[in-house]
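Structure data follow from structure_32.pdb (PDB, C-alpha atoms):
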```
ATOM      1  CA  MET A   1      18.408 -19.124  -0.679
ATOM      2  CA  ALA A   2      17.448 -15.679  -1.930
ATOM      3  CA  THR A   3      13.837 -14.705  -2.476
ATOM      4  CA  ARG A   4      13.477 -14.455  -6.276
ATOM      5  CA  TRP A   5      11.487 -11.385  -7.271
ATOM      6  CA  GLY A   6       9.767 -10.513 -10.513
ATOM      7  CA  ILE A   7       8.781  -6.875 -11.066
ATOM      8  CA  CYS A   8       5.469  -6.195 -12.835
ATOM      9  CA  GLY A   9       5.501  -2.673 -14.270
ATOM     10  CA  THR A  10       8.307  -0.271 -15.074
ATOM     11  CA  GLY A  11       6.989   2.975 -13.586
ATOM     12  CA  LEU A  12       8.253   5.215 -10.804
ATOM     13  CA  ILE A  13       7.103   3.075  -7.907
ATOM     14  CA  SER A  14       8.599  -0.085  -9.438
ATOM     15  CA  HIS A  15      11.881   1.801  -9.756
ATOM     16  CA  ASP A  16      11.812   2.746  -6.078
ATOM     17  CA  PHE A  17      10.892  -0.744  -4.904
ATOM     18  CA  SER A  18      13.609  -2.279  -7.057
ATOM     19  CA  CYS A  19      16.221   0.121  -5.656
ATOM     20  CA  ALA A  20      15.183  -0.834  -2.134
ATOM     21  CA  LEU A  21      15.472  -4.530  -2.965
ATOM     22  CA  LYS A  22      18.937  -4.000  -4.433
ATOM     23  CA  SER A  23      20.055  -2.349  -1.197
ATOM     24  CA  LEU A  24      19.369  -5.588   0.685
ATOM     25  CA  PRO A  25      21.806  -8.529   0.683
ATOM     26  CA  GLU A  26      21.724 -10.381  -2.635
ATOM     27  CA  SER A  27      21.832 -13.611  -0.672
ATOM     28  CA  GLU A  28      18.360 -12.715   0.632
ATOM     29  CA  HIS A  29      16.678 -10.779  -2.198
ATOM     30  CA  LYS A  30      17.316 -11.041  -5.924
ATOM     31  CA  ILE A  31      15.356  -9.458  -8.787
ATOM     32  CA  VAL A  32      15.430 -12.098 -11.511
ATOM     33  CA  ALA A  33      12.963 -10.651 -14.037
ATOM     34  CA  VAL A  34      10.883  -7.633 -15.002
ATOM     35  CA  GLY A  35       7.789  -7.435 -17.175
ATOM     36  CA  ALA A  36       6.277  -4.515 -19.072
ATOM     37  CA  ALA A  37       2.685  -4.457 -20.315
ATOM     38  CA  SER A  38       3.312  -4.456 -24.055
ATOM     39  CA  SER A  39       6.821  -3.196 -24.722
ATOM     40  CA  GLN A  40       9.930  -5.316 -24.805
ATOM     41  CA  GLU A  41      11.963  -2.111 -25.086
ATOM     42  CA  LYS A  42      10.616  -0.724 -21.798
ATOM     43  CA  ALA A  43      11.326  -3.982 -20.032
ATOM     44  CA  GLU A  44      14.853  -4.149 -21.411
ATOM     45  CA  ALA A  45      15.589  -0.530 -20.433
ATOM     46  CA  PHE A  46      14.373  -1.183 -16.880
ATOM     47  CA  ALA A  47      16.352  -4.414 -16.702
ATOM     48  CA  LYS A  48      19.515  -2.658 -17.867
ATOM     49  CA  GLU A  49      19.089   0.141 -15.320
ATOM     50  CA  HIS A  50      18.585  -2.263 -12.431
ATOM     51  CA  GLY A  51      20.878  -5.114 -13.461
ATOM     52  CA  ILE A  52      18.044  -7.606 -13.948
ATOM     53  CA  GLN A  53      18.888 -10.724 -15.932
ATOM     54  CA  THR A  54      15.581 -11.249 -17.782
ATOM     55  CA  ALA A  55      13.205  -8.754 -19.457
ATOM     56  CA  HIS A  56       9.702  -9.750 -20.565
ATOM     57  CA  GLY A  57       7.620  -7.725 -23.006
ATOM     58  CA  THR A  58       4.335  -8.986 -21.564
ATOM     59  CA  TYR A  59       3.009  -9.791 -18.104
ATOM     60  CA  GLU A  60       2.046 -13.262 -19.305
ATOM     61  CA  SER A  61       5.655 -13.984 -20.200
ATOM     62  CA  LEU A  62       6.716 -12.805 -16.739
ATOM     63  CA  ALA A  63       4.059 -15.039 -15.170
ATOM     64  CA  LYS A  64       5.443 -18.063 -17.014
ATOM     65  CA  ASP A  65       9.051 -17.406 -15.964
ATOM     66  CA  PRO A  66      10.050 -20.465 -13.890
ATOM     67  CA  ASP A  67      12.740 -18.540 -12.025
ATOM     68  CA  VAL A  68      10.255 -16.055 -10.485
ATOM     69  CA  GLU A  69       9.054 -16.923  -6.988
ATOM     70  CA  ILE A  70       7.059 -13.801  -6.098
ATOM     71  CA  VAL A  71       5.861 -10.880  -8.193
ATOM     72  CA  TYR A  72       5.754  -7.278  -7.055
ATOM     73  CA  VAL A  73       2.818  -5.655  -8.881
ATOM     74  CA  GLY A  74       3.664  -1.978  -9.258
ATOM     75  CA  THR A  75       1.226  -1.012 -12.021
ATOM     76  CA  PHE A  76      -1.557   1.572 -11.681
ATOM     77  CA  HIS A  77      -4.314   0.118  -9.508
ATOM     78  CA  PRO A  78      -6.943  -0.358 -12.284
ATOM     79  CA  TYR A  79      -4.620  -3.056 -13.647
ATOM     80  CA  HIS A  80      -3.968  -4.853 -10.351
ATOM     81  CA  TYR A  81      -6.962  -7.168 -10.603
ATOM     82  CA  LYS A  82      -6.102  -8.782 -13.936
ATOM     83  CA  ALA A  83      -2.384  -8.884 -13.212
ATOM     84  CA  CYS A  84      -2.808 -10.619  -9.848
ATOM     85  CA  LEU A  85      -5.194 -13.191 -11.322
ATOM     86  CA  LEU A  86      -2.657 -13.905 -14.062
ATOM     87  CA  PHE A  87       0.178 -14.481 -11.610
ATOM     88  CA  PHE A  88      -1.972 -16.651  -9.341
ATOM     89  CA  GLU A  89      -2.923 -18.836 -12.314
ATOM     90  CA  HIS A  90       0.779 -19.449 -12.919
ATOM     91  CA  GLY A  91       1.530 -20.278  -9.280
ATOM     92  CA  LYS A  92       3.274 -17.052  -8.293
ATOM     93  CA  HIS A  93       3.106 -15.400  -4.894
ATOM     94  CA  VAL A  94       2.106 -11.728  -5.114
ATOM     95  CA  LEU A  95       2.881  -8.486  -3.318
ATOM     96  CA  CYS A  96       0.483  -5.947  -4.859
ATOM     97  CA  GLU A  97       0.772  -2.200  -4.426
ATOM     98  CA  LYS A  98      -1.997  -0.332  -2.675
ATOM     99  CA  PRO A  99      -4.853   0.234  -3.195
ATOM    100  CA  LEU A 100      -5.458  -3.415  -3.962
ATOM    101  CA  THR A 101      -8.185  -2.966  -6.585
ATOM    102  CA  LEU A 102     -10.926  -0.566  -7.642
ATOM    103  CA  SER A 103     -13.637  -2.332  -5.637
ATOM    104  CA  LEU A 104     -14.342  -4.626  -2.702
ATOM    105  CA  GLN A 105     -15.760  -7.232  -5.081
ATOM    106  CA  HIS A 106     -12.493  -7.476  -7.013
ATOM    107  CA  ALA A 107     -10.445  -7.483  -3.814
ATOM    108  CA  GLN A 108     -12.520 -10.368  -2.439
ATOM    109  CA  GLU A 109     -12.072 -12.316  -5.670
ATOM    110  CA  LEU A 110      -8.293 -11.923  -5.458
ATOM    111  CA  VAL A 111      -8.210 -13.027  -1.831
ATOM    112  CA  ASP A 112     -10.379 -16.043  -2.669
ATOM    113  CA  LYS A 113      -8.153 -17.002  -5.607
ATOM    114  CA  ALA A 114      -4.958 -16.698  -3.573
ATOM    115  CA  ARG A 115      -6.443 -18.823  -0.797
ATOM    116  CA  ASP A 116      -7.667 -21.412  -3.294
ATOM    117  CA  LYS A 117      -4.197 -21.632  -4.850
ATOM    118  CA  LYS A 118      -2.517 -21.580  -1.408
ATOM    119  CA  LEU A 119      -0.293 -18.687  -2.503
ATOM    120  CA  PHE A 120       1.087 -15.800  -0.469
ATOM    121  CA  PHE A 121      -0.783 -12.568  -1.203
ATOM    122  CA  MET A 122      -0.424  -9.183   0.428
ATOM    123  CA  GLU A 123      -1.474  -5.623  -0.288
ATOM    124  CA  GLY A 124       1.568  -3.372  -0.266
ATOM    125  CA  PHE A 125       0.735  -0.899   2.464
ATOM    126  CA  TRP A 126       4.423  -0.359   3.208
ATOM    127  CA  THR A 127       3.461   2.029   6.022
ATOM    128  CA  ARG A 128       2.742  -0.856   8.372
ATOM    129  CA  PHE A 129       6.319  -2.100   8.327
ATOM    130  CA  PHE A 130       8.153   1.063   9.350
ATOM    131  CA  PRO A 131       9.735   0.726  12.808
ATOM    132  CA  ALA A 132       7.808   3.763  14.066
ATOM    133  CA  VAL A 133       4.501   2.107  13.163
ATOM    134  CA  LYS A 134       5.558  -1.166  14.748
ATOM    135  CA  LEU A 135       6.287   0.766  17.947
ATOM    136  CA  LEU A 136       2.900   2.465  17.712
ATOM    137  CA  ARG A 137       1.221  -0.929  17.559
ATOM    138  CA  GLU A 138       3.159  -2.101  20.599
ATOM    139  CA  GLU A 139       2.021   0.953  22.581
ATOM    140  CA  LEU A 140      -1.588   0.350  21.586
ATOM    141  CA  SER A 141      -1.346  -3.336  22.497
ATOM    142  CA  LYS A 142      -0.102  -2.629  26.000
ATOM    143  CA  GLY A 143      -2.757   0.053  26.554
ATOM    144  CA  SER A 144      -0.436   2.958  27.238
ATOM    145  CA  VAL A 145      -2.893   5.450  25.681
ATOM    146  CA  GLY A 146      -5.901   3.922  27.408
ATOM    147  CA  LYS A 147      -9.080   3.838  25.353
ATOM    148  CA  VAL A 148      -8.522   5.350  21.914
ATOM    149  CA  ASN A 149     -11.191   8.034  21.514
ATOM    150  CA  ILE A 150     -10.156  10.016  18.448
ATOM    151  CA  VAL A 151      -7.728   9.501  15.584
ATOM    152  CA  ARG A 152      -6.909  12.661  13.618
ATOM    153  CA  ALA A 153      -4.884  12.776  10.421
ATOM    154  CA  ALA A 154      -4.479  14.856   7.266
ATOM    155  CA  PHE A 155      -2.737  14.094   3.999
ATOM    156  CA  CYS A 156      -2.211  17.173   1.847
ATOM    157  CA  SER A 157       0.129  17.070  -1.146
ATOM    158  CA  PRO A 158       0.520  18.542  -4.646
ATOM    159  CA  THR A 159      -0.245  15.291  -6.481
ATOM    160  CA  ALA A 160      -3.024  16.713  -8.685
ATOM    161  CA  VAL A 161      -0.362  17.321 -11.340
ATOM    162  CA  LEU A 162       0.028  13.549 -11.826
ATOM    163  CA  GLU A 163      -1.963  12.116 -14.713
ATOM    164  CA  ARG A 164      -2.921   9.005 -12.755
ATOM    165  CA  MET A 165      -4.483  11.219 -10.073
ATOM    166  CA  ARG A 166      -6.524  13.211 -12.604
ATOM    167  CA  LYS A 167      -7.818  10.560 -14.988
ATOM    168  CA  ARG A 168     -10.884   8.544 -14.056
ATOM    169  CA  GLU A 169      -9.856   5.719 -16.407
ATOM    170  CA  LEU A 170      -6.618   5.411 -14.414
ATOM    171  CA  GLY A 171      -8.486   5.058 -11.126
ATOM    172  CA  GLY A 172      -7.821   8.705 -10.381
ATOM    173  CA  GLY A 173      -8.777  10.724  -7.361
ATOM    174  CA  ALA A 174      -6.998  11.667  -4.180
ATOM    175  CA  LEU A 175      -8.817   9.034  -2.128
ATOM    176  CA  MET A 176      -7.204   6.128  -3.953
ATOM    177  CA  GLY A 177      -3.840   7.872  -4.184
ATOM    178  CA  SER A 178      -3.491   9.450  -0.741
ATOM    179  CA  GLY A 179      -6.665   9.022   1.280
ATOM    180  CA  CYS A 180      -6.267   5.264   1.397
ATOM    181  CA  TYR A 181      -3.324   5.764   3.769
ATOM    182  CA  LEU A 182      -5.663   7.504   6.191
ATOM    183  CA  ILE A 183      -8.214   4.711   5.933
ATOM    184  CA  GLN A 184      -5.641   1.983   6.543
ATOM    185  CA  PHE A 185      -4.518   3.688   9.754
ATOM    186  CA  ALA A 186      -8.082   3.809  11.037
ATOM    187  CA  ASP A 187      -8.329   0.097  10.293
ATOM    188  CA  LEU A 188      -4.993  -0.643  11.978
ATOM    189  CA  ILE A 189      -5.944   1.246  15.130
ATOM    190  CA  PHE A 190      -9.600   0.269  15.592
ATOM    191  CA  LYS A 191      -9.421  -3.266  14.121
ATOM    192  CA  GLU A 192     -13.062  -3.319  13.032
ATOM    193  CA  ARG A 193     -15.293  -1.925  10.318
ATOM    194  CA  PRO A 194     -16.851   1.426  11.193
ATOM    195  CA  GLN A 195     -20.494   1.575  12.179
ATOM    196  CA  LYS A 196     -21.025   4.814  10.243
ATOM    197  CA  ILE A 197     -19.171   6.572   7.434
ATOM    198  CA  VAL A 198     -19.681  10.212   6.487
ATOM    199  CA  ALA A 199     -17.732  11.798   3.630
ATOM    200  CA  LEU A 200     -17.907  15.244   2.061
ATOM    201  CA  GLY A 201     -15.622  16.345  -0.723
ATOM    202  CA  GLN A 202     -14.960  18.088  -4.014
ATOM    203  CA  LEU A 203     -14.750  16.609  -7.494
ATOM    204  CA  SER A 204     -12.700  17.806 -10.430
ATOM    205  CA  ASP A 205     -13.998  18.511 -13.930
ATOM    206  CA  GLU A 206     -12.972  14.933 -14.737
ATOM    207  CA  ALA A 207     -15.268  13.595 -11.985
ATOM    208  CA  VAL A 208     -12.624  12.386  -9.561
ATOM    209  CA  ASP A 209     -12.173  13.616  -6.008
ATOM    210  CA  THR A 210      -9.619  16.294  -5.215
ATOM    211  CA  SER A 211     -10.290  16.616  -1.490
ATOM    212  CA  ALA A 212     -12.533  15.267   1.228
ATOM    213  CA  ALA A 213     -13.240  15.146   4.924
ATOM    214  CA  ILE A 214     -14.170  11.733   6.294
ATOM    215  CA  ILE A 215     -15.558  10.755   9.676
ATOM    216  CA  LEU A 216     -15.555   7.095  10.617
ATOM    217  CA  THR A 217     -17.548   6.192  13.724
ATOM    218  CA  TYR A 218     -16.710   2.984  15.556
ATOM    219  CA  SER A 219     -18.163   1.133  18.535
ATOM    220  CA  GLU A 220     -18.326   2.976  21.866
ATOM    221  CA  GLY A 221     -18.365   6.317  20.056
ATOM    222  CA  ARG A 222     -14.760   6.137  18.939
ATOM    223  CA  MET A 223     -13.968   8.133  15.810
ATOM    224  CA  ALA A 224     -11.435   8.727  13.071
ATOM    225  CA  VAL A 225     -11.449  12.269  11.650
ATOM    226  CA  LEU A 226      -9.570  12.301   8.368
ATOM    227  CA  CYS A 227      -9.018  14.763   5.547
ATOM    228  CA  TYR A 228      -6.998  14.968   2.353
ATOM    229  CA  ASN A 229      -6.344  17.350  -0.515
ATOM    230  CA  ASN A 230      -4.216  16.856  -3.615
ATOM    231  CA  GLY A 231      -3.915  20.506  -4.621
ATOM    232  CA  SER A 232      -1.977  21.759  -1.606
ATOM    233  CA  VAL A 233       1.694  22.268  -0.977
ATOM    234  CA  LEU A 234       3.129  19.360   0.959
ATOM    235  CA  GLY A 235       1.612  19.811   4.391
ATOM    236  CA  ASN A 236       2.459  18.891   7.951
ATOM    237  CA  ASN A 237       0.926  15.467   7.483
ATOM    238  CA  THR A 238       0.818  14.054  10.978
ATOM    239  CA  LEU A 239      -1.375  11.470  12.667
ATOM    240  CA  THR A 240      -2.467  11.842  16.282
ATOM    241  CA  ILE A 241      -4.126   9.238  18.483
ATOM    242  CA  HIS A 242      -6.041  10.736  21.408
ATOM    243  CA  GLY A 243      -6.557   8.280  24.241
ATOM    244  CA  SER A 244      -8.128   8.373  27.694
ATOM    245  CA  LYS A 245      -4.639   8.227  29.278
ATOM    246  CA  ALA A 246      -2.266   9.769  26.743
ATOM    247  CA  ASN A 247      -1.622  10.599  23.100
ATOM    248  CA  ILE A 248       0.633   9.224  20.364
ATOM    249  CA  GLU A 249       1.769  11.240  17.362
ATOM    250  CA  LEU A 250       3.338  10.012  14.141
ATOM    251  CA  HIS A 251       5.231  12.934  12.703
ATOM    252  CA  SER A 252       5.094  13.999   9.070
ATOM    253  CA  PRO A 253       5.154  12.218   6.703
ATOM    254  CA  PHE A 254       2.920   9.874   8.703
ATOM    255  CA  HIS A 255       2.466   7.429   5.797
ATOM    256  CA  CYS A 256       6.209   6.615   5.812
ATOM    257  CA  PRO A 257       7.221   7.864   9.258
ATOM    258  CA  THR A 258      10.607   7.986  10.899
ATOM    259  CA  THR A 259       9.591   9.897  14.052
ATOM    260  CA  ILE A 260       7.037   9.138  16.764
ATOM    261  CA  THR A 261       6.136  10.835  20.051
ATOM    262  CA  LEU A 262       5.126   8.261  22.632
ATOM    263  CA  PRO A 263       2.599   8.459  25.506
ATOM    264  CA  SER A 264       5.533   9.072  27.858
ATOM    265  CA  GLY A 265       6.356  12.250  25.938
ATOM    266  CA  GLU A 266       9.558  10.757  24.537
ATOM    267  CA  THR A 267      10.191  11.317  20.835
ATOM    268  CA  LYS A 268      11.960   8.481  19.051
ATOM    269  CA  VAL A 269      13.613   8.719  15.643
ATOM    270  CA  PHE A 270      14.266   5.752  13.364
ATOM    271  CA  PRO A 271      16.717   6.807  10.642
ATOM    272  CA  LEU A 272      16.083   5.162   7.296
ATOM    273  CA  PRO A 273      18.680   2.698   6.010
ATOM    274  CA  GLU A 274      21.195   4.403   3.787
ATOM    275  CA  THR A 275      21.281   3.308   0.153
ATOM    276  CA  PRO A 276      23.242   4.602  -2.859
ATOM    277  CA  TYR A 277      20.180   4.951  -5.064
ATOM    278  CA  THR A 278      18.020   7.884  -6.149
ATOM    279  CA  TYR A 279      14.310   7.551  -5.380
ATOM    280  CA  ASN A 280      11.224   9.227  -6.828
ATOM    281  CA  TRP A 281       9.196   9.397  -3.615
ATOM    282  CA  ALA A 282       9.988  10.396  -0.055
ATOM    283  CA  ASN A 283      11.462   7.692   2.181
ATOM    284  CA  SER A 284      11.202   5.005  -0.515
ATOM    285  CA  ASN A 285      14.294   3.324   0.892
ATOM    286  CA  GLY A 286      11.831   2.278   3.620
ATOM    287  CA  PHE A 287      10.466  -0.328   1.200
ATOM    288  CA  VAL A 288      13.138  -2.584   2.677
ATOM    289  CA  TYR A 289      11.014  -3.116   5.799
ATOM    290  CA  GLU A 290       8.110  -4.471   3.744
ATOM    291  CA  ALA A 291      10.368  -6.647   1.584
ATOM    292  CA  GLU A 292      12.052  -8.181   4.609
ATOM    293  CA  CYS A 293       8.679  -9.049   6.135
ATOM    294  CA  VAL A 294       7.514 -10.680   2.893
ATOM    295  CA  ARG A 295      10.645 -12.843   2.824
ATOM    296  CA  LYS A 296      10.022 -13.996   6.407
ATOM    297  CA  CYS A 297       6.434 -14.903   5.551
ATOM    298  CA  LEU A 298       7.558 -16.970   2.563
ATOM    299  CA  GLN A 299      10.203 -18.731   4.633
ATOM    300  CA  GLN A 300       7.542 -19.626   7.214
ATOM    301  CA  GLY A 301       5.155 -20.893   4.548
ATOM    302  CA  LEU A 302       2.532 -18.248   5.322
ATOM    303  CA  THR A 303      -0.073 -17.262   2.733
ATOM    304  CA  GLU A 304      -0.872 -13.931   4.367
ATOM    305  CA  CYS A 305       1.038 -11.500   6.531
ATOM    306  CA  PRO A 306      -0.021 -11.083  10.177
ATOM    307  CA  ASP A 307       0.742  -7.338   9.970
ATOM    308  CA  MET A 308      -1.297  -6.839   6.772
ATOM    309  CA  PRO A 309      -3.822  -9.682   6.664
ATOM    310  CA  HIS A 310      -6.397 -10.185   3.935
ATOM    311  CA  GLU A 311      -9.214  -9.143   6.249
ATOM    312  CA  ASP A 312      -7.640  -5.725   6.731
ATOM    313  CA  SER A 313      -7.394  -5.221   2.971
ATOM    314  CA  LEU A 314     -11.076  -6.106   2.614
ATOM    315  CA  ASN A 315     -12.050  -3.768   5.463
ATOM    316  CA  ILE A 316     -10.102  -0.916   3.878
ATOM    317  CA  MET A 317     -11.626  -1.530   0.460
ATOM    318  CA  ALA A 318     -15.147  -1.622   1.920
ATOM    319  CA  ILE A 319     -14.580   1.836   3.399
ATOM    320  CA  LEU A 320     -13.056   3.142   0.155
ATOM    321  CA  ASP A 321     -16.092   1.889  -1.785
ATOM    322  CA  GLU A 322     -18.510   3.685   0.530
ATOM    323  CA  VAL A 323     -16.525   6.934   0.575
ATOM    324  CA  ARG A 324     -16.388   6.946  -3.232
ATOM    325  CA  ARG A 325     -20.122   6.292  -3.356
ATOM    326  CA  GLN A 326     -20.832   9.262  -1.109
ATOM    327  CA  LEU A 327     -18.456  11.500  -3.052
ATOM    328  CA  GLY A 328     -19.932  10.433  -6.393
ATOM    329  CA  VAL A 329     -16.778   8.953  -7.929
ATOM    330  CA  VAL A 330     -17.692   6.153 -10.345
ATOM    331  CA  TYR A 331     -15.185   4.055 -12.289
ATOM    332  CA  ASP A 332     -16.346   2.764 -15.675
ATOM    333  CA  ASN A 333     -13.727   0.029 -15.864
ATOM    334  CA  LEU A 334     -14.743  -2.069 -12.856
ATOM    335  CA  LYS A 335     -15.565  -5.007 -15.120
ATOM    336  CA  ASP A 336     -12.186  -4.929 -16.886
TER     337      ASP A 336
END
```
Show me this structure written as structure tokens.
Amino acid sequence: MATRWGICGTGLISHDFSCALKSLPESEHKIVAVGAASSQEKAEAFAKEHGIQTAHGTYESLAKDPDVEIVYVGTFHPYHYKACLLFFEHGKHVLCEKPLTLSLQHAQELVDKARDKKLFFMEGFWTRFFPAVKLLREELSKGSVGKVNIVRAAFCSPTAVLERMRKRELGGGALMGSGCYLIQFADLIFKERPQKIVALGQLSDEAVDTSAAIILTYSEGRMAVLCYNNGSVLGNNTLTIHGSKANIELHSPFHCPTTITLPSGETKVFPLPETPYTYNWANSNGFVYEAECVRKCLQQGLTECPDMPHEDSLNIMAILDEVRRQLGVVYDNLKD
């Protein structure tokens, strides 16, 4: 039986995720409904574009749809918290786009609610499901790099033009839009919370961060050296792991990578699956890897994904909270 998806939100990322789902066999994945925040017209337009049978003009109506098994939450992140709680209350599994919430407190509340309801819940860090990243994890597990000493990565892109990156009320700032990818890699590689966090950055006139350099110090002196900027041309955004025996490099764009150089020196390329659709963001057809993993988890009756467990989401959010504190980025809508 196909996994029955509901789509929460009709923006660019929901479009890309829906296109990826449609490229998979309909016997395995089927979008049965879409919900818009307060506009039946938006929901109907999205449903018509993507061939979805049911359009809901509110998220509550989507939550009550008996045909929906799991909801993909593709709204801006300030709205994730309320949306996820709504879907949990109506017994829906949830795949929620990153970053999970605006704060560790809200993230913990969502995890607790999902566990209480015995529902599947995962933060949508699609990066973790790309074949190149899976291979990276295998290399780390077998110790081919030796002790990981330094992780270096940069994420520079021209995203400052996007309203959601500029506006504080929309959870703006480059950390939550781009920098979170850097943080999740540090978490994936070191598998513990850092012992020390140091962040220096620049704020815009609207009091959100535009760039920063972050150093995360872990046990045994291991470090992640990370930087981001949202006013640059698209950079050579690579990630390098420096080990006591060898190095690993994820080639640009490291947050949705198709190419990796292994400790042996071999470079492997994983071509993305071909689809007939037009996407808004680079490599969005790679959403299929995440969707396929979610389906397997549901089939196995899991409530969290081994490759993106709740604890990792909480670790990432704890770091994001501290970096924002040091940078001086304060969101007024944390109680919403």
Considering all atoms listed in the file, give me a table of residues in stretch 291-331 of chain A that are at most 9 Å from stretch 89-100 of chain A, with the closest atom pair and distance in Å for each, as a tab-separated table.
```
residue	atom	partner	partner_atom	distance
A:Val294	CA	A:Leu95	CA	8.1
A:Leu298	CA	A:His93	CA	8.8
A:Thr303	CA	A:His93	CA	8.5
A:Ser313	CA	A:Leu100	CA	7.4
A:Ile316	CA	A:Pro99	CA	8.9
A:Met317	CA	A:Leu100	CA	7.8
```
Interface rows for stretch 127-229 of chain A against stretch 279-289 of chain A: nearest pair, Å to one decimal, 10 Å, all atoms listed in the file, as CSV:
```
residue,atom,partner,partner_atom,distance
A:Thr127,CA,A:Gly286,CA,8.7
A:Arg128,CA,A:Tyr289,CA,9.0
A:Phe129,CA,A:Tyr289,CA,5.4
A:Phe130,CA,A:Tyr289,CA,6.2
A:Pro131,CA,A:Tyr289,CA,8.1
```
Generate the output file for the selected residues, C-alpha atoms, as a JSON list (two decimals), in the frame of the given file.
```json
[["chain", "number", "residue", "atom", "x", "y", "z"],
["A", 127, "THR", "CA", 3.46, 2.03, 6.02],
["A", 128, "ARG", "CA", 2.74, -0.86, 8.37],
["A", 129, "PHE", "CA", 6.32, -2.10, 8.33],
["A", 130, "PHE", "CA", 8.15, 1.06, 9.35],
["A", 131, "PRO", "CA", 9.74, 0.73, 12.81]]
```
Considering only C-alpha atoms, can you say which of A:Ala47, A:Ala224, A:Cys180, A:Ile31 comes closest to A:Asn149?
A:Ala224
Starting from the displayed file, determine the output of the PyMOL selection byres ((chain A and resi 145) around 8) and express the residue list as a PDB file with C-alpha atoms, in the frame of the given file.
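Everything below was put into selection.pdb:
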```
ATOM      1  CA  GLU A 139       2.021   0.953  22.581  1.00  0.00           C
ATOM      2  CA  LEU A 140      -1.588   0.350  21.586  1.00  0.00           C
ATOM      3  CA  GLY A 143      -2.757   0.053  26.554  1.00  0.00           C
ATOM      4  CA  SER A 144      -0.436   2.958  27.238  1.00  0.00           C
ATOM      5  CA  GLY A 146      -5.901   3.922  27.408  1.00  0.00           C
ATOM      6  CA  LYS A 147      -9.080   3.838  25.353  1.00  0.00           C
ATOM      7  CA  VAL A 148      -8.522   5.350  21.914  1.00  0.00           C
ATOM      8  CA  HIS A 242      -6.041  10.736  21.408  1.00  0.00           C
ATOM      9  CA  GLY A 243      -6.557   8.280  24.241  1.00  0.00           C
ATOM     10  CA  SER A 244      -8.128   8.373  27.694  1.00  0.00           C
ATOM     11  CA  LYS A 245      -4.639   8.227  29.278  1.00  0.00           C
ATOM     12  CA  ALA A 246      -2.266   9.769  26.743  1.00  0.00           C
ATOM     13  CA  ASN A 247      -1.622  10.599  23.100  1.00  0.00           C
ATOM     14  CA  ILE A 248       0.633   9.224  20.364  1.00  0.00           C
ATOM     15  CA  PRO A 263       2.599   8.459  25.506  1.00  0.00           C
TER      16      PRO A 263
END
```
Name the residues in contact with A:Ser18 at a cut-off of 9 Å, using all atoms listed in the file, excluding same-chain residues fewer than 3 positions from it; report them as a PyMOL selection string.
chain A and resi 7+13-15+21-23+31+50
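The coordinates place atom CA of A:Arg137 at 26.0 Å from atom CA of A:Ser157.
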Residue by residue, what does the PyMOL selection byres ((chain A and resi 166) around 12) grab here? Present the result as a VMD selection string.
chain A and resid 158 to 165 167 to 177 203 to 210 230 to 231
Taking the file as shown, find all residues satisfying the PyMOL selection byres ((chain A and resi 269-271) around 6) and write them as a VMD selection string.
chain A and resid 258 to 259 268 272
Tell me which residues come within 8 Å of (-11.7, 7.4, 1.3), as a list of chain:residue names, counting only C-alpha atoms in the file's coordinates.
A:Leu175, A:Met176, A:Gly179, A:Cys180, A:Leu182, A:Ile183, A:Ala199, A:Ala212, A:Ile214, A:Ile319, A:Leu320, A:Asp321, A:Glu322, A:Val323, A:Arg324
Take the residues from that selection and write them out as a short mmCIF file (atom, residue, chain, number, x, y, z; two decimals), in the coordinates of the input, keeping C-alpha atoms.
```cif
data_model
loop_
_atom_site.label_atom_id
_atom_site.label_comp_id
_atom_site.auth_asym_id
_atom_site.auth_seq_id
_atom_site.Cartn_x
_atom_site.Cartn_y
_atom_site.Cartn_z
CA LEU A 175 -8.82 9.03 -2.13
CA MET A 176 -7.20 6.13 -3.95
CA GLY A 179 -6.66 9.02 1.28
CA CYS A 180 -6.27 5.26 1.40
CA LEU A 182 -5.66 7.50 6.19
CA ILE A 183 -8.21 4.71 5.93
CA ALA A 199 -17.73 11.80 3.63
CA ALA A 212 -12.53 15.27 1.23
CA ILE A 214 -14.17 11.73 6.29
CA ILE A 319 -14.58 1.84 3.40
CA LEU A 320 -13.06 3.14 0.16
CA ASP A 321 -16.09 1.89 -1.78
CA GLU A 322 -18.51 3.68 0.53
CA VAL A 323 -16.52 6.93 0.57
CA ARG A 324 -16.39 6.95 -3.23
#
```
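From atom CA of A:Glu311 back to atom CA of A:Val111, the distance works out to 9.0 Å.
When only C-alpha atoms are used to measure the gap to A:Pro253, the shortest distance among A:Phe121, A:Phe88, A:Phe190, A:Tyr181 belongs to A:Tyr181.
Distances here use only C-alpha atoms; by that measure, the residue among A:Ala83, A:Lys30, A:Val330, A:Cys8 closest to A:Phe46 is A:Cys8.
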Work out how far apart atom CA of A:His106 and atom CA of A:Asp307 are and give it in Å to one decimal.
21.5 Å
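Of the residues listed (A:Ile70, A:Ala318, A:Ala186, A:Val151), A:Ile70 shows the shortest atom-to-atom separation from A:Val34; distances use only C-alpha atoms.
For the residues A:Ala55, A:Asp16, A:Lys113, A:Ser61, ranking by smallest atom-to-atom distance to A:Glu41 using all atoms listed in the file places A:Ala55 first.
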Shortest interatomic distance to A:Gln195 - which of A:Ser38, A:Thr10, A:Thr217, A:Thr261, counting all atoms listed in the file:
A:Thr217
